[in-house]
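Dumped my_file.txt below, it's compact mmCIF, C-alpha atoms:
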```
# COMPACT_ATOMS: atom_id res chain seq x y z
CA MET D 1 -0.68 46.82 29.49
CA CYS D 2 1.73 46.19 32.38
CA ARG D 3 5.16 47.84 32.12
CA ILE D 4 6.73 46.92 35.49
CA VAL D 5 6.75 43.23 36.44
CA TYR D 6 6.86 43.77 40.18
CA LEU D 7 3.76 45.96 40.10
CA CYS D 8 1.84 43.85 37.62
CA ARG D 9 -1.33 42.35 38.93
CA SER D 10 -2.53 39.04 37.58
CA ARG D 11 -5.99 38.66 36.24
CA GLY D 12 -6.90 37.08 39.52
CA GLY D 13 -6.07 40.35 41.23
CA GLY D 14 -2.98 39.13 43.20
CA ASN D 15 0.25 41.13 43.56
CA LEU D 16 3.19 39.02 42.26
CA GLU D 17 5.76 40.90 44.36
CA LEU D 18 3.83 40.23 47.57
CA ILE D 19 3.45 36.56 46.65
CA SER D 20 7.17 36.28 45.93
CA GLN D 21 8.05 37.89 49.25
CA GLY D 22 5.72 35.51 51.03
CA PHE D 23 7.46 32.45 49.58
CA ARG D 24 10.88 33.84 50.53
CA LYS D 25 9.80 34.42 54.13
CA LEU D 26 8.29 30.92 54.34
CA PHE D 27 11.50 29.36 52.97
CA LYS D 28 13.64 31.27 55.51
CA ASN D 29 11.54 29.88 58.37
CA PHE D 30 12.85 26.41 57.48
CA VAL D 31 16.31 27.15 56.09
CA SER D 32 18.36 29.99 57.51
CA GLY D 33 21.68 31.63 56.76
CA GLN D 34 23.70 31.04 53.62
CA ALA D 35 21.68 27.99 52.63
CA ALA D 36 18.54 30.14 52.49
CA ARG D 37 20.25 32.57 50.15
CA LEU D 38 22.30 30.24 47.96
CA GLY D 39 20.85 26.71 48.43
CA PHE D 40 22.42 23.66 50.09
CA THR D 41 26.17 23.17 50.12
CA LEU D 42 27.81 19.99 48.79
CA ALA D 43 28.72 18.93 52.33
CA GLU D 44 25.12 19.25 53.48
CA VAL D 45 23.90 17.19 50.52
CA LEU D 46 26.49 14.47 51.20
CA ILE D 47 25.59 14.34 54.88
CA THR D 48 21.91 13.98 54.00
CA LEU D 49 22.65 11.20 51.52
CA GLY D 50 24.82 9.49 54.11
CA ILE D 51 22.01 9.52 56.66
CA ILE D 52 19.60 8.11 54.08
CA GLY D 53 22.11 5.38 53.26
CA VAL D 54 22.52 4.39 56.90
CA VAL D 55 18.76 4.23 57.45
CA ALA D 56 18.35 2.15 54.29
CA ALA D 57 21.11 -0.25 55.37
CA LEU D 58 19.40 -0.76 58.72
CA THR D 59 15.88 -1.24 57.39
CA LEU D 60 16.43 -2.97 54.02
CA PRO D 61 17.29 -6.46 55.41
CA SER D 62 14.11 -6.41 57.50
CA VAL D 63 12.02 -5.40 54.49
CA ILE D 64 13.59 -8.13 52.34
CA ASN D 65 13.00 -10.79 55.02
CA LYS D 66 9.36 -9.77 55.40
CA PHE D 67 8.92 -10.06 51.65
CA LYS D 68 10.54 -13.52 51.59
CA VAL D 69 8.42 -14.72 54.52
CA LYS D 70 5.25 -13.43 52.87
CA GLN D 71 6.13 -15.39 49.74
CA LEU D 72 6.67 -18.55 51.80
CA GLU D 73 3.41 -18.08 53.69
CA THR D 74 1.43 -17.54 50.49
CA ALA D 75 3.01 -20.60 48.85
CA PHE D 76 2.28 -22.73 51.93
CA LYS D 77 -1.39 -21.76 51.98
CA LYS D 78 -1.73 -22.63 48.31
CA SER D 79 0.11 -25.96 48.55
CA SER D 80 -1.64 -27.04 51.75
CA ALA D 81 -5.04 -26.37 50.17
CA VAL D 82 -4.14 -28.45 47.10
CA LEU D 83 -2.77 -31.26 49.27
CA GLU D 84 -5.66 -31.50 51.70
CA ASP D 85 -8.38 -31.19 49.06
CA THR D 86 -6.78 -33.86 46.86
CA LEU D 87 -5.94 -36.14 49.78
CA VAL D 88 -9.46 -36.13 51.21
CA ALA D 89 -11.00 -36.59 47.76
CA VAL D 90 -8.86 -39.66 47.07
CA LEU D 91 -9.28 -41.25 50.50
CA SER D 92 -13.04 -40.68 50.37
CA GLU D 93 -13.30 -42.91 47.30
CA TYR D 94 -12.01 -45.75 49.48
CA SER D 95 -13.94 -44.71 52.61
CA LEU D 96 -10.65 -43.85 54.30
CA GLU D 97 -11.16 -40.09 54.72
CA TYR D 98 -10.97 -40.46 58.51
CA MET D 99 -7.25 -41.21 58.11
CA ALA D 100 -6.62 -37.60 57.15
CA ASN D 101 -7.78 -36.46 60.60
CA LYS D 102 -5.49 -36.25 63.60
CA LYS D 103 -4.94 -39.57 65.36
CA GLY D 104 -3.94 -40.42 68.93
CA ALA D 105 -1.91 -43.22 70.44
CA SER D 106 -5.07 -45.11 71.40
CA ASP D 107 -6.59 -45.07 67.91
CA GLN D 108 -6.73 -48.41 66.15
CA LEU D 109 -7.32 -48.06 62.41
CA SER D 110 -8.11 -50.63 59.79
CA THR D 111 -4.99 -51.92 58.09
CA VAL D 112 -4.48 -50.73 54.53
CA SER D 113 -3.01 -53.46 52.34
CA ASN D 114 0.06 -52.86 50.19
CA SER D 115 -1.91 -53.34 46.99
CA GLU D 116 -4.54 -50.83 48.11
CA ARG D 117 -1.85 -48.33 49.05
CA ALA D 118 -0.39 -48.54 45.56
CA THR D 119 -3.82 -48.14 43.94
CA ILE D 120 -4.68 -45.12 46.09
CA ASN D 121 -1.35 -43.47 45.29
CA ASP D 122 -1.98 -44.00 41.57
CA LEU D 123 -5.31 -42.18 41.92
CA PHE D 124 -3.63 -39.47 44.00
CA ALA D 125 -1.13 -38.86 41.18
CA GLU D 126 -3.93 -38.74 38.58
CA LYS D 127 -5.69 -35.93 40.44
CA LEU D 128 -2.56 -33.76 40.65
CA LYS D 129 -1.40 -31.47 37.83
CA ILE D 130 1.99 -33.09 37.31
CA ILE D 131 4.71 -31.97 34.90
CA ASN D 132 7.41 -34.43 36.01
CA VAL D 133 7.98 -37.27 38.45
CA ALA D 134 11.16 -38.00 40.38
CA THR D 135 11.39 -41.67 41.34
CA ILE D 136 13.57 -43.69 43.68
CA LYS D 137 13.42 -47.42 42.98
CA ALA D 138 15.29 -50.08 44.96
CA GLY D 139 17.16 -47.29 46.76
CA ALA D 140 18.53 -45.66 43.59
CA CYS D 141 17.33 -42.88 41.28
CA ALA D 142 15.25 -44.41 38.51
CA ASN D 143 16.14 -41.90 35.79
CA GLN D 144 18.53 -39.07 34.92
CA PHE D 145 16.07 -36.37 35.98
CA THR D 146 15.86 -37.83 39.49
CA CYS D 147 19.65 -38.14 39.77
CA GLU D 148 20.13 -34.51 38.70
CA LEU D 149 17.43 -33.28 41.06
CA ILE D 150 19.13 -34.92 44.02
CA SER D 151 22.70 -34.02 43.10
CA LYS D 152 22.12 -30.37 42.15
CA ASN D 153 19.98 -29.34 45.13
CA LYS D 154 20.67 -29.22 48.86
CA LEU D 155 18.42 -29.69 51.87
CA TYR D 156 18.47 -27.70 55.13
CA ASP D 157 16.84 -28.29 58.50
CA TYR D 158 14.60 -25.83 60.36
CA SER D 159 17.60 -24.14 61.97
CA GLY D 160 19.31 -23.59 58.62
CA ASN D 161 21.91 -26.34 59.02
CA LEU D 162 22.88 -28.28 55.92
CA VAL D 163 21.41 -31.78 55.97
CA GLY D 164 22.90 -32.89 52.66
CA LYS D 165 21.66 -33.49 49.15
CA TYR D 166 17.99 -33.07 48.27
CA SER D 167 17.29 -36.76 48.83
CA PHE D 168 13.50 -36.68 48.89
CA ASN D 169 13.48 -40.43 49.50
CA ASN D 170 14.73 -39.59 52.99
CA PHE D 171 11.88 -37.20 53.75
CA SER D 172 9.97 -38.15 56.87
CA SER D 173 6.87 -39.12 54.93
CA ALA D 174 8.42 -40.41 51.72
CA TYR D 175 9.04 -44.03 52.60
CA ASP D 176 5.99 -46.25 52.81
CA HIS D 177 6.16 -49.81 54.09
CA GLY D 178 5.43 -52.30 51.36
CA GLN D 179 6.11 -49.89 48.49
CA SER D 180 8.89 -50.78 46.05
CA GLN D 181 9.47 -47.21 44.94
CA VAL D 182 9.18 -43.61 46.15
CA ALA D 183 7.66 -40.92 43.93
CA PHE D 184 7.90 -37.15 44.21
CA TYR D 185 5.58 -35.18 41.94
CA LEU D 186 6.53 -31.79 40.45
CA LEU D 187 3.42 -29.75 39.73
CA PHE D 188 2.55 -27.08 37.16
CA ASP D 189 2.50 -24.31 39.77
CA GLY D 190 6.15 -25.00 40.68
CA SER D 191 5.46 -26.87 43.92
CA ALA D 192 6.14 -30.55 44.64
CA ILE D 193 4.22 -33.22 46.56
CA GLY D 194 5.33 -36.67 47.68
CA GLN D 195 3.28 -39.82 47.58
CA ILE D 196 0.99 -40.81 50.45
CA ASN D 197 2.62 -42.74 53.26
CA PHE D 198 0.11 -44.99 55.02
CA GLN D 199 0.45 -46.08 58.65
CA HIS D 200 4.20 -45.83 58.82
CA HIS D 201 4.18 -47.09 62.42
CA GLY D 202 1.32 -49.55 62.02
CA PRO D 203 -2.51 -49.53 62.29
CA LYS D 204 -2.47 -46.85 65.00
CA ASP D 205 -0.91 -44.31 62.66
CA GLY D 206 -2.57 -42.17 59.98
CA VAL D 207 -1.12 -40.80 56.73
CA LYS D 208 1.84 -38.59 55.90
CA VAL D 209 2.66 -36.49 52.84
CA THR D 210 5.64 -34.20 52.23
CA ILE D 211 5.24 -30.95 50.30
CA ASP D 212 7.79 -28.51 48.93
CA THR D 213 5.75 -25.35 48.46
CA ASN D 214 8.00 -23.83 45.77
CA GLY D 215 9.68 -26.96 44.43
CA PRO D 216 13.21 -28.35 44.73
CA PHE D 217 14.75 -25.94 42.23
CA LYS D 218 13.91 -22.84 44.25
CA GLY D 219 15.22 -22.18 47.75
CA PRO D 220 15.48 -22.20 50.59
CA ASN D 221 14.69 -25.98 50.55
CA ARG D 222 14.42 -25.78 54.29
CA TYR D 223 12.15 -27.70 56.67
CA GLY D 224 9.49 -25.47 58.16
CA TYR D 225 10.09 -22.80 55.53
CA ASP D 226 9.14 -24.35 52.20
CA ILE D 227 9.27 -28.05 53.08
CA PHE D 228 6.57 -29.49 55.35
CA ASP D 229 5.28 -32.88 56.44
CA PHE D 230 1.52 -33.27 56.64
CA ASP D 231 1.10 -35.89 59.37
CA SER D 232 -2.16 -37.20 60.80
CA GLY D 233 -0.35 -39.68 63.02
CA TYR D 234 0.81 -39.10 66.58
CA TYR D 235 4.51 -40.06 66.56
CA TRP D 236 6.55 -36.86 67.09
CA SER D 237 3.57 -34.91 65.79
CA SER D 238 4.43 -31.86 67.91
CA CYS D 239 8.04 -31.66 66.70
CA CYS D 240 9.12 -28.66 64.67
CA GLY D 241 12.84 -28.12 64.19
CA ASN D 242 15.57 -29.68 66.29
CA ASN D 243 14.88 -28.04 69.63
CA LYS D 244 11.59 -29.61 70.74
CA SER D 245 11.88 -31.65 73.92
CA GLY D 246 11.94 -35.39 73.28
CA CYS D 247 12.21 -35.04 69.51
CA PRO D 248 15.04 -36.81 67.67
CA SER D 249 17.34 -34.43 65.80
CA HIS D 250 16.56 -36.08 62.47
CA VAL D 251 12.78 -35.71 62.80
CA PHE D 252 11.02 -32.69 61.30
CA TYR D 253 7.36 -33.58 61.84
CA GLY D 254 4.90 -31.03 63.14
CA CYS D 255 5.88 -27.81 61.40
CA TYR D 256 2.90 -28.20 59.07
CA ASN D 257 0.44 -27.95 61.96
CA TYR D 258 2.17 -24.95 63.51
CA ALA D 259 2.40 -23.17 60.14
CA LYS D 260 -1.27 -23.70 59.41
CA ALA D 261 -2.25 -22.42 62.86
CA ASN D 262 0.27 -19.55 62.49
CA GLN D 263 1.73 -20.33 65.91
CA ASN D 264 5.36 -20.27 66.92
CA PRO D 265 6.28 -23.84 68.07
CA SER D 266 8.24 -22.51 71.04
CA ASP D 267 6.21 -19.42 71.97
CA SER D 268 2.43 -19.44 71.58
CA SER D 269 2.32 -15.64 71.91
CA LYS D 270 4.07 -15.26 68.55
CA GLY D 271 3.01 -16.10 65.04
CA TYR D 272 4.72 -18.86 63.07
CA TRP D 273 5.56 -16.85 60.00
CA GLU D 274 6.76 -13.74 61.78
CA SER D 275 9.30 -15.94 63.59
CA LEU D 276 11.10 -17.14 60.45
CA TYR D 277 14.54 -15.80 59.51
CA LYS D 278 15.03 -14.52 63.05
```
Target format structure tokens, applied to this file:
Amino acid sequence: MCRIVYLCRSRGGGNLELISQGFRKLFKNFVSGQAARLGFTLAEVLITLGIIGVVAALTLPSVINKFKVKQLETAFKKSSAVLEDTLVAVLSEYSLEYMANKKGASDQLSTVSNSERATINDLFAEKLKIINVATIKAGACANQFTCELISKNKLYDYSGNLVGKYSFNNFSSAYDHGQSQVAFYLLFDGSAIGQINFQHHGPKDGVKVTIDTNGPFKGPNRYGYDIFDFDSGYYWSSCCGNNKSGCPSHVFYGCYNYAKANQNPSDSSKGYWESLYK
């Protein structure tokens, strides 16, 4: 039976004193002086914590922005898939699926009558998983829900400037010629989709649909971030934000195409999503 701890050998045959000395020598290689004998001083601990705090303050905003952008990108991919699948399915039933493809200034399409537009939009609504509908009729909100949606939420442009209230009836694709009312559908997954706008500029134009990938009650409610216009027409189709040459300041078309291609509208060498919140 062992009587002296320092000379006791473990069953594995190792000398505990030699092992202890080895750990002390290894510790001194990294920490010298008083700290090696007594541990870290309060000042040293505070300095270390201060450095960690500074590094966190510098890196945390970037990490948060990347997380927010990833959420927006994921929501866009989901909403765009729902929109395009439903849109093509509905148009195909009327042999109008070609309208969902990109059009040029020289294209001359068959005119879609007002009655047919209304019927197609009814079918479009039936195929969506809707929990509520906001409606503008004769230029005014048709019910209390619509009035509250508009008054309680704000809308921002691509650059982050306040546009005003969340007046979805003013979205680029919301108003359709010949339609007496504008509908905006809130879906079960939290997103929102507007009705189909047919040939806003006449038979040469295609279709337009506005989507809010996370719905009006969750920010940032900002064009090119969570609000996009699907546009198969050619008017201002390359516009994204307010800084594109030849694009009116009130037009936000085009961001949908850039987002789907993951291409920065001003610099093709950069990705679309990585350029947000910069």
| message | List as a list in words the protein and nucleic acid residues near range 126-142 of chain D, meaning an atom at most 6 Å away when all atoms listed in the file are counted, but skip any in the same chain fewer than 4 places from it. | response | Thr146, Cys147, Gln181, Val182, Ala183, Phe184, Tyr185, Leu186, Leu187 and Phe188 of chain D
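For the residues D:Gly219, D:Gly104, D:Gly50, D:Gly246, ranking by smallest atom-to-atom distance to Leu155 in chain D using all atoms listed in the file places D:Gly219 first.
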**Asked** Can you tell me, as a PyMOL selection string, what residues are no more than 12 Å from range 110-123 of chain D when counting only C-alpha atoms, ignoring any on the same chain fewer than 4 positions away?
**Response** chain D and resi 86-99+127-128+176-185+193-207+209
If you count all atoms listed in the file, the residue of D:Phe40, D:Tyr253, D:Tyr223, D:Tyr235 closest to Leu162 in chain D turns out to be D:Tyr223
Centre, x/y/z edge lengths, axis-aligned box for range 251-269 of chain D with 8 Å per side, as lines of an AutoDock Vina configuration file:
```
center_x = 5.3
center_y = -25.7
center_z = 65.5
size_x = 31.0
size_y = 36.1
size_z = 28.9
```
Around the point (13.6, -30.4, 47.0) in the file's coordinates, collect all residues with an atom within 7 Å, using all atoms listed in the file, and return them as a compact mmCIF listing (two decimals) with C-alpha atoms, in the coordinates of the input.
```txt
# COMPACT_ATOMS: atom_id res chain seq x y z
CA ASN D 153 19.98 -29.34 45.13
CA LEU D 155 18.42 -29.69 51.87
CA TYR D 166 17.99 -33.07 48.27
CA PHE D 168 13.50 -36.68 48.89
CA ASP D 212 7.79 -28.51 48.93
CA GLY D 215 9.68 -26.96 44.43
CA PRO D 216 13.21 -28.35 44.73
CA PHE D 217 14.75 -25.94 42.23
CA ASN D 221 14.69 -25.98 50.55
```
Across D:Phe124, D:Tyr258, D:Tyr225, D:Tyr156, the smallest distance to Lys70 in chain D, with only C-alpha atoms counted, is shown by D:Tyr225
One decimal place gives the CA of Lys68 in chain D-CA of Asn170 in chain D separation as 26.4 Å
Residues within 8 Å of Trp273 in chain D, please, as a PDB file with C-alpha atoms, in the coordinates of the input. Count only C-alpha atoms; anything in the same chain fewer than 4 positions from it doesn't count.
```pdb
ATOM      1  CA  VAL D  69       8.420 -14.720  54.520  1.00  0.00           C
ATOM      2  CA  LYS D  70       5.250 -13.430  52.870  1.00  0.00           C
ATOM      3  CA  GLU D  73       3.410 -18.080  53.690  1.00  0.00           C
ATOM      4  CA  ALA D 259       2.400 -23.170  60.140  1.00  0.00           C
ATOM      5  CA  ASN D 262       0.270 -19.550  62.490  1.00  0.00           C
ATOM      6  CA  GLN D 263       1.730 -20.330  65.910  1.00  0.00           C
ATOM      7  CA  ASN D 264       5.360 -20.270  66.920  1.00  0.00           C
TER       8      ASN D 264
END
```
